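Pasted below: start.csv, CSV, C-alpha atoms.
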```csv
chain,number,residue,atom,x,y,z
A,7,GLY,CA,0.0,0.0,0.0
A,8,PRO,CA,1.0,3.6,0.1
A,9,LEU,CA,3.8,4.8,2.3
A,10,TRP,CA,1.9,6.4,5.1
A,11,GLU,CA,-0.5,3.5,5.7
A,12,ARG,CA,2.2,0.8,6.1
A,13,PRO,CA,3.2,-0.2,9.6
A,14,LEU,CA,6.7,0.6,10.7
A,15,LEU,CA,8.0,-2.9,10.4
A,16,GLU,CA,7.3,-3.0,6.7
A,17,VAL,CA,9.0,0.3,5.9
A,18,ARG,CA,12.4,0.0,4.3
A,19,LEU,CA,15.4,1.8,5.7
A,20,GLY,CA,15.7,4.1,2.7
A,21,GLU,CA,12.1,5.2,3.0
A,22,LEU,CA,12.3,5.8,6.8
A,23,HIS,CA,12.9,9.5,6.4
A,24,ALA,CA,9.9,9.9,4.1
A,25,TRP,CA,7.8,7.8,6.4
A,26,ILE,CA,8.6,9.9,9.4
A,27,SER,CA,7.7,13.0,7.5
A,28,THR,CA,4.2,11.6,6.8
A,29,CYS,CA,3.2,10.7,10.3
A,30,SER,CA,1.5,13.4,12.4
A,31,PHE,CA,3.1,14.7,15.5
A,32,SER,CA,0.1,16.4,16.9
A,33,PRO,CA,-1.2,15.1,20.3
A,34,GLN,CA,-4.0,13.3,18.6
A,35,GLY,CA,-1.6,11.7,16.1
A,36,LEU,CA,0.8,10.6,18.9
A,37,LEU,CA,-2.1,9.3,21.0
A,38,GLY,CA,-3.5,7.5,18.1
A,39,ALA,CA,-0.1,6.0,17.3
A,40,MET,CA,0.3,4.8,20.9
A,41,GLN,CA,-3.2,3.4,20.9
A,42,ARG,CA,-2.6,1.5,17.7
A,43,ALA,CA,0.8,0.2,18.9
A,44,TRP,CA,-0.8,-1.0,22.2
A,45,SER,CA,-3.8,-2.6,20.5
A,46,SER,CA,-1.6,-4.4,18.0
A,47,TYR,CA,0.7,-5.7,20.8
A,48,CYS,CA,-2.4,-6.9,22.7
A,49,ALA,CA,-3.9,-8.6,19.7
A,50,LYS,CA,-0.7,-10.4,18.9
A,51,TYR,CA,0.5,-11.6,22.3
A,52,ILE,CA,-2.3,-11.4,24.9
A,53,HIS,CA,-5.7,-11.9,23.2
A,54,VAL,CA,-5.0,-15.4,22.0
A,55,LYS,CA,-6.4,-18.7,23.0
A,56,GLN,CA,-3.1,-20.2,24.1
A,57,GLY,CA,-0.8,-17.4,25.2
A,58,GLY,CA,2.4,-18.3,27.1
A,59,PRO,CA,4.5,-16.3,29.5
A,60,ALA,CA,5.8,-14.3,26.6
A,61,GLY,CA,3.1,-11.6,26.6
A,62,ILE,CA,3.6,-10.4,30.1
A,63,SER,CA,7.3,-11.2,30.4
A,64,MET,CA,8.1,-8.8,27.5
A,65,LEU,CA,6.2,-6.1,29.2
A,66,LEU,CA,8.0,-6.7,32.5
A,67,ALA,CA,11.4,-6.8,30.7
A,68,GLY,CA,10.6,-3.5,29.0
A,69,TYR,CA,9.6,-2.0,32.4
A,70,CYS,CA,12.9,-3.2,33.9
A,71,LEU,CA,14.9,-1.7,31.1
A,72,LEU,CA,13.0,1.6,31.4
A,73,SER,CA,13.4,1.9,35.1
A,74,TYR,CA,17.1,1.1,34.8
A,75,GLY,CA,17.4,3.8,32.3
A,76,TRP,CA,15.6,6.3,34.5
A,77,ASN,CA,17.6,5.4,37.5
A,78,TYR,CA,21.0,5.2,35.7
A,79,GLN,CA,22.3,8.5,37.0
A,80,HIS,CA,21.6,7.4,40.6
A,81,LEU,CA,22.9,3.8,40.0
A,82,SER,CA,26.1,4.9,38.4
A,83,LYS,CA,26.9,7.0,41.6
A,84,ALA,CA,26.4,3.9,43.8
A,85,SER,CA,28.9,3.4,46.5
A,86,TRP,CA,29.4,-0.1,47.7
A,87,GLY,CA,28.2,-0.7,51.2
A,88,VAL,CA,25.3,1.8,50.9
A,89,SER,CA,22.1,0.5,49.5
A,90,SER,CA,20.9,2.4,46.5
B,26,VAL,CA,-45.0,3.0,10.2
B,27,LEU,CA,-42.5,0.4,9.3
B,28,HIS,CA,-41.8,0.2,5.6
B,29,THR,CA,-41.7,-3.5,5.3
B,30,THR,CA,-40.6,-3.3,1.7
B,31,ARG,CA,-37.2,-2.0,2.7
B,32,PRO,CA,-34.7,-4.9,3.0
B,33,LEU,CA,-32.7,-5.1,6.2
B,34,HIS,CA,-29.2,-6.4,6.8
B,35,THR,CA,-28.2,-6.4,3.2
B,36,THR,CA,-24.7,-5.1,3.5
B,37,GLN,CA,-21.7,-7.3,4.5
B,38,GLN,CA,-20.9,-5.0,7.5
B,39,SER,CA,-22.2,-6.5,10.7
B,40,LEU,CA,-20.8,-6.8,14.2
B,41,ALA,CA,-21.7,-10.5,14.5
B,42,PRO,CA,-20.4,-13.1,14.3
B,43,VAL,CA,-17.2,-11.9,15.9
B,44,PRO,CA,-14.1,-13.6,14.3
B,45,PRO,CA,-12.6,-16.1,16.6
B,46,LEU,CA,-9.4,-15.4,18.5
B,47,PRO,CA,-6.1,-16.7,17.0
B,48,GLU,CA,-4.9,-20.0,18.4
B,49,LYS,CA,-1.4,-19.1,19.3
B,50,GLY,CA,0.3,-15.8,20.0
B,51,GLY,CA,3.3,-14.4,18.2
B,52,GLU,CA,6.4,-16.6,18.5
B,53,VAL,CA,8.8,-15.5,21.2
B,54,ARG,CA,12.2,-17.0,21.8
B,55,HIS,CA,13.5,-17.5,25.3
B,56,GLY,CA,10.3,-15.7,26.5
B,57,LEU,CA,11.8,-12.3,25.8
B,58,ILE,CA,12.7,-11.7,22.1
B,59,PRO,CA,10.1,-12.0,19.4
B,60,GLU,CA,10.8,-14.3,16.5
B,61,GLU,CA,10.6,-11.5,14.0
B,62,PHE,CA,14.0,-10.2,15.2
B,63,PHE,CA,15.7,-13.5,14.5
B,64,GLN,CA,14.0,-13.6,11.1
B,65,PHE,CA,15.0,-10.1,10.4
B,66,LEU,CA,18.7,-10.9,11.0
B,67,TYR,CA,18.7,-14.4,9.4
B,68,PRO,CA,19.3,-13.4,5.7
B,69,LYS,CA,22.5,-11.4,6.6
B,70,THR,CA,23.9,-13.3,9.6
B,71,GLY,CA,22.4,-16.8,9.6
B,72,VAL,CA,21.2,-18.6,12.7
B,73,THR,CA,23.9,-17.5,15.2
B,74,GLY,CA,23.7,-13.8,14.3
B,75,PRO,CA,21.3,-12.6,16.9
B,76,TYR,CA,23.1,-14.6,19.6
B,77,MET,CA,26.4,-13.1,18.7
B,78,LEU,CA,24.8,-9.7,18.7
B,79,GLY,CA,23.3,-10.4,22.1
B,80,THR,CA,26.7,-11.6,23.6
B,81,GLY,CA,28.6,-8.6,22.1
B,82,LEU,CA,26.0,-6.2,23.4
B,83,LEU,CA,26.1,-7.8,26.9
B,84,LEU,CA,29.9,-7.6,27.1
B,85,TYR,CA,29.9,-4.1,25.8
B,86,LEU,CA,27.4,-3.0,28.5
B,87,LEU,CA,29.3,-4.8,31.2
B,88,SER,CA,32.7,-3.6,30.2
B,89,LYS,CA,31.7,0.0,29.8
B,90,GLU,CA,29.9,0.0,33.0
B,91,ILE,CA,26.7,1.0,31.3
B,92,TYR,CA,25.2,-1.9,33.3
B,93,VAL,CA,26.5,-1.6,36.8
B,94,VAL,CA,26.9,-4.9,38.7
B,95,ASN,CA,25.8,-4.4,42.3
B,96,HIS,CA,23.8,-6.3,44.9
B,97,GLU,CA,20.6,-5.9,42.8
B,98,THR,CA,22.3,-7.9,40.1
B,99,ALA,CA,22.6,-10.9,42.5
B,100,ALA,CA,19.0,-10.5,43.6
B,101,ALA,CA,17.8,-10.3,40.0
B,102,ALA,CA,19.7,-13.4,39.1
B,103,CYS,CA,18.2,-15.4,42.0
B,104,ILE,CA,14.7,-14.1,41.2
B,105,LEU,CA,15.0,-14.9,37.5
B,106,THR,CA,16.2,-18.4,38.3
B,107,ILE,CA,13.2,-19.0,40.5
B,108,ILE,CA,10.8,-17.5,38.0
B,109,VAL,CA,12.1,-19.6,35.1
B,110,TYR,CA,12.0,-22.8,37.3
B,111,ALA,CA,8.4,-22.1,38.4
B,112,ILE,CA,7.3,-21.5,34.8
B,113,LYS,CA,8.9,-24.6,33.6
B,114,LYS,CA,7.5,-26.7,36.4
B,115,PHE,CA,4.0,-25.3,36.8
B,116,GLY,CA,3.3,-23.9,33.4
B,117,PRO,CA,1.4,-26.8,31.9
B,118,GLN,CA,-0.9,-27.1,34.9
B,119,VAL,CA,-1.8,-23.4,34.9
B,120,ALA,CA,-2.4,-23.6,31.2
B,121,ALA,CA,-4.7,-26.6,31.6
B,122,PHE,CA,-6.6,-24.8,34.4
B,123,ALA,CA,-7.0,-21.7,32.2
B,124,ASP,CA,-8.1,-23.9,29.3
B,125,LYS,CA,-10.7,-25.5,31.5
B,126,LEU,CA,-12.1,-22.2,32.5
B,127,ASN,CA,-12.3,-21.1,28.9
B,128,GLU,CA,-14.0,-24.4,27.9
B,129,GLU,CA,-16.6,-23.9,30.6
B,130,LYS,CA,-17.3,-20.3,29.4
B,131,VAL,CA,-17.6,-21.5,25.8
B,132,ALA,CA,-19.7,-24.4,26.7
B,133,SER,CA,-22.2,-22.3,28.6
B,134,ALA,CA,-22.4,-19.8,25.8
B,135,GLN,CA,-22.9,-22.6,23.3
B,136,ALA,CA,-25.6,-24.2,25.5
B,137,MET,CA,-27.5,-20.8,25.6
B,138,LYS,CA,-27.2,-20.5,21.8
B,139,ASP,CA,-28.4,-24.1,21.3
B,140,GLU,CA,-31.3,-23.5,23.6
B,141,ALA,CA,-32.2,-20.3,21.8
B,142,MET,CA,-32.1,-22.1,18.5
B,143,GLN,CA,-34.2,-24.9,19.9
B,144,THR,CA,-36.9,-22.5,21.2
B,145,LEU,CA,-36.9,-20.7,17.9
B,146,GLN,CA,-37.3,-24.0,16.1
B,147,THR,CA,-40.2,-25.1,18.2
B,148,ALA,CA,-41.7,-21.6,17.7
B,149,ILE,CA,-41.5,-22.2,14.0
B,150,GLU,CA,-43.2,-25.5,14.3
B,151,GLU,CA,-45.9,-24.0,16.4
B,152,GLU,CA,-46.4,-21.3,13.9
B,153,LYS,CA,-46.8,-23.7,11.0
B,154,LYS,CA,-49.3,-25.7,13.1
B,155,GLU,CA,-51.2,-22.5,13.7
B,156,GLN,CA,-51.2,-21.7,10.0
B,157,TRP,CA,-52.6,-25.2,9.3
B,158,ARG,CA,-55.3,-24.6,11.9
B,159,ALA,CA,-56.2,-21.3,10.4
B,160,GLU,CA,-57.1,-23.2,7.2
B,161,GLY,CA,-59.8,-25.1,9.1
B,162,HIS,CA,-61.5,-21.9,10.0
B,163,ALA,CA,-63.2,-22.0,6.7
B,164,TYR,CA,-65.2,-25.1,7.7
B,165,LEU,CA,-66.0,-23.6,11.0
B,166,PHE,CA,-67.4,-20.5,9.4
B,167,ASP,CA,-69.5,-22.5,6.9
B,168,ALA,CA,-71.1,-24.4,9.8
B,169,LYS,CA,-71.8,-21.2,11.6
B,170,ARG,CA,-73.3,-19.7,8.5
B,171,ASN,CA,-75.6,-22.7,8.1
B,172,ASN,CA,-76.6,-22.4,11.8
B,173,ILE,CA,-77.5,-18.8,11.3
B,174,ALA,CA,-79.5,-19.5,8.1
B,175,MET,CA,-81.5,-22.1,10.0
B,176,LEU,CA,-82.2,-19.8,12.8
B,177,LEU,CA,-83.4,-17.1,10.4
B,178,GLU,CA,-85.6,-19.6,8.6
B,179,THR,CA,-87.1,-20.9,11.9
B,180,ASN,CA,-87.8,-17.4,13.1
B,181,TYR,CA,-89.5,-16.5,9.8
B,182,ARG,CA,-91.7,-19.6,9.9
B,183,GLU,CA,-92.7,-18.9,13.5
B,184,ARG,CA,-93.7,-15.4,12.6
B,185,LEU,CA,-95.7,-16.7,9.6
B,186,LEU,CA,-97.5,-19.0,12.0
B,187,MET,CA,-98.2,-16.3,14.4
B,188,VAL,CA,-99.6,-14.1,11.7
B,189,TYR,CA,-101.9,-16.9,10.5
B,190,ASN,CA,-103.1,-17.5,14.0
B,191,GLU,CA,-103.9,-13.9,14.7
B,192,VAL,CA,-105.8,-13.4,11.5
B,193,LYS,CA,-107.7,-16.6,12.1
B,194,LYS,CA,-108.6,-15.5,15.6
B,195,ARG,CA,-110.0,-12.2,14.4
B,196,LEU,CA,-112.0,-13.8,11.6
B,197,ASP,CA,-113.4,-16.4,14.1
B,198,TYR,CA,-114.4,-13.5,16.3
B,199,GLN,CA,-116.3,-11.9,13.5
B,200,VAL,CA,-118.0,-15.2,12.6
B,201,ALA,CA,-118.9,-15.9,16.3
B,202,LYS,CA,-120.3,-12.4,16.6
B,203,GLN,CA,-122.6,-12.9,13.6
B,204,ASN,CA,-123.7,-16.3,14.8
B,205,LEU,CA,-124.5,-14.9,18.2
B,206,LYS,CA,-126.4,-12.0,16.7
B,207,ARG,CA,-128.5,-14.4,14.5
B,208,GLN,CA,-129.1,-16.6,17.5
B,209,LYS,CA,-130.3,-13.8,19.6
B,210,GLU,CA,-132.6,-12.5,16.9
B,211,GLN,CA,-134.0,-16.0,16.5
B,212,ASP,CA,-134.6,-16.4,20.2
B,213,HIS,CA,-136.0,-13.0,20.6
B,214,MET,CA,-138.4,-13.5,17.7
B,215,ILE,CA,-139.6,-16.9,19.0
B,216,GLN,CA,-140.2,-15.4,22.4
B,217,TRP,CA,-142.0,-12.5,21.0
B,218,VAL,CA,-144.2,-14.8,18.8
B,219,GLU,CA,-144.9,-17.1,21.8
B,220,LYS,CA,-145.7,-14.1,24.0
B,221,ASN,CA,-148.1,-12.7,21.4
B,222,VAL,CA,-149.7,-16.1,20.8
B,223,ILE,CA,-150.2,-16.6,24.6
B,224,GLN,CA,-151.6,-13.1,24.8
B,225,SER,CA,-153.9,-13.8,22.0
B,226,ILE,CA,-155.3,-16.8,23.7
B,227,THR,CA,-158.5,-15.3,25.3
B,228,PRO,CA,-160.0,-16.8,28.4
B,229,GLN,CA,-162.9,-18.0,26.2
B,230,GLN,CA,-160.6,-19.9,23.9
B,231,GLN,CA,-158.8,-21.3,26.9
B,232,LYS,CA,-162.0,-22.8,28.3
B,233,GLU,CA,-162.9,-24.1,24.9
B,234,SER,CA,-159.5,-25.8,24.4
B,235,ILE,CA,-159.5,-27.2,28.0
B,236,ALA,CA,-163.0,-28.7,27.4
B,237,LYS,CA,-161.8,-30.1,24.0
B,238,CYS,CA,-158.8,-31.6,25.7
B,239,ILE,CA,-160.9,-33.3,28.4
B,240,LEU,CA,-163.1,-34.7,25.7
B,241,ASP,CA,-160.2,-35.9,23.8
B,242,LEU,CA,-158.8,-37.5,26.9
B,243,LYS,CA,-162.0,-39.3,27.6
B,244,ALA,CA,-162.1,-40.6,24.1
B,245,LEU,CA,-158.6,-41.8,24.4
B,246,SER,CA,-159.2,-43.4,27.7
B,247,LYS,CA,-162.1,-45.2,26.3
B,248,SER,CA,-160.1,-46.5,23.4
B,249,ALA,CA,-157.4,-47.4,25.8
B,250,HIS,CA,-159.9,-49.3,28.0
B,251,ALA,CA,-161.1,-51.1,24.9
B,252,ALA,CA,-157.6,-52.0,23.8
B,253,VAL,CA,-156.7,-53.4,27.2
```

Let's see the structure in the file written out as structure tokens.
Amino acid sequence: GPLWERPLLEVRLGELHAWISTCSFSPQGLLGAMQRAWSSYCAKYIHVKQGGPAGISMLLAGYCLLSYGWNYQHLSKASWGVSS
Amino acid sequence: VLHTTRPLHTTQQSLAPVPPLPEKGGEVRHGLIPEEFFQFLYPKTGVTGPYMLGTGLLLYLLSKEIYVVNHETAAAACILTIIVYAIKKFGPQVAAFADKLNEEKVASAQAMKDEAMQTLQTAIEEEKKEQWRAEGHAYLFDAKRNNIAMLLETNYRERLLMVYNEVKKRLDYQVAKQNLKRQKEQDHMIQWVEKNVIQSITPQQQKESIAKCILDLKALSKSAHAAV
């Protein structure tokens, strides 16, 4: 299909610039993009007849990474012997 | 006013039936990384590509101290070991339990649907029966019409009879009245004649007739004596 209707995974590297220029960065656009991303993730990994641990574990791993990233400044100053 | 000529539900768009859920979710390797990543790297690096990438990334993070090893690392390692062990051991049981719950839900919904279908089917049967019964109404109405016709006929004949009787009574009355009148006139005339005759019998005539009668009687007695 046309460029702006394709999901991100199907966009080639060369077309990435053009693709970014077509997506809307208004609050509605961003909200809509987040909504779509979340609903596609749910539809693929959670709303299935036989899901495994993968659906939630990926969310937990992402949360771990995100919290590590947020706390990196604090963690990098950690001094041994004092709990961080 | 419902325009029954307008067709309903002609387009393909409809909310029911809802398409069923997919059987299995997206493939995920080691519980963390989706399969698409491995497929993405396969054409360029083969099978071991993503693992090499992972190892290199891990060493880089550790050596550059982007990932700091502290007491939390030990805690995370222990917790992860326990979690993996628990999933490997109790995974199938939990899955079976969840499947059983799902089965029950689906079975109850299916039962409701079957019941609804059954009731609708019986309703259709009943409806057909009622339609068949409605055809018999024609016979019923014919019988009723015959009854009414007979009632009307009977009523008409009764009234004819009544008319006849009434007229006859009136005519009889007239006839009786005439007879009575003639009778009375006759009686009256006879009486009048008798009265006049009795008046006309003068005492002289009476004596003469009585003497005649006595003579006749004597004559008769004589003849009777002679006969005996």

Using all atoms listed in the file: which of A:Leu14, A:Lys55, A:Gln79, A:Ser30 has the shortest distance to B:Glu128: A:Lys55

Mind running chain B against chain A at 7 Å and telling me each contacting residue's nearest atom pair with the distance in Å (one decimal), counting only C-alpha atoms, chain and number ascending, as CSV?
```
residue,atom,partner,partner_atom,distance
B:Leu46,CA,A:Val54,CA,5.6
B:Pro47,CA,A:Val54,CA,5.3
B:Glu48,CA,A:Lys55,CA,5.0
B:Lys49,CA,A:Gln56,CA,5.2
B:Gly50,CA,A:Tyr51,CA,4.8
B:Gly51,CA,A:Lys50,CA,5.7
B:Val53,CA,A:Ala60,CA,6.3
B:Gly56,CA,A:Ala60,CA,4.7
B:Leu57,CA,A:Met64,CA,5.4
B:Val93,CA,A:Ser82,CA,6.7
```

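When atom CA of A:Ser32 is paired with atom CA of A:Ser46, their separation reads 20.9 Å.
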
Pairwise distance for atom CA of B:Gly81 and atom CA of A:Asn77, rounded to one decimal in Å: 23.5 Å

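Between atom CA of A:Pro13 and atom CA of A:Ile26 there is a distance of 11.5 Å.
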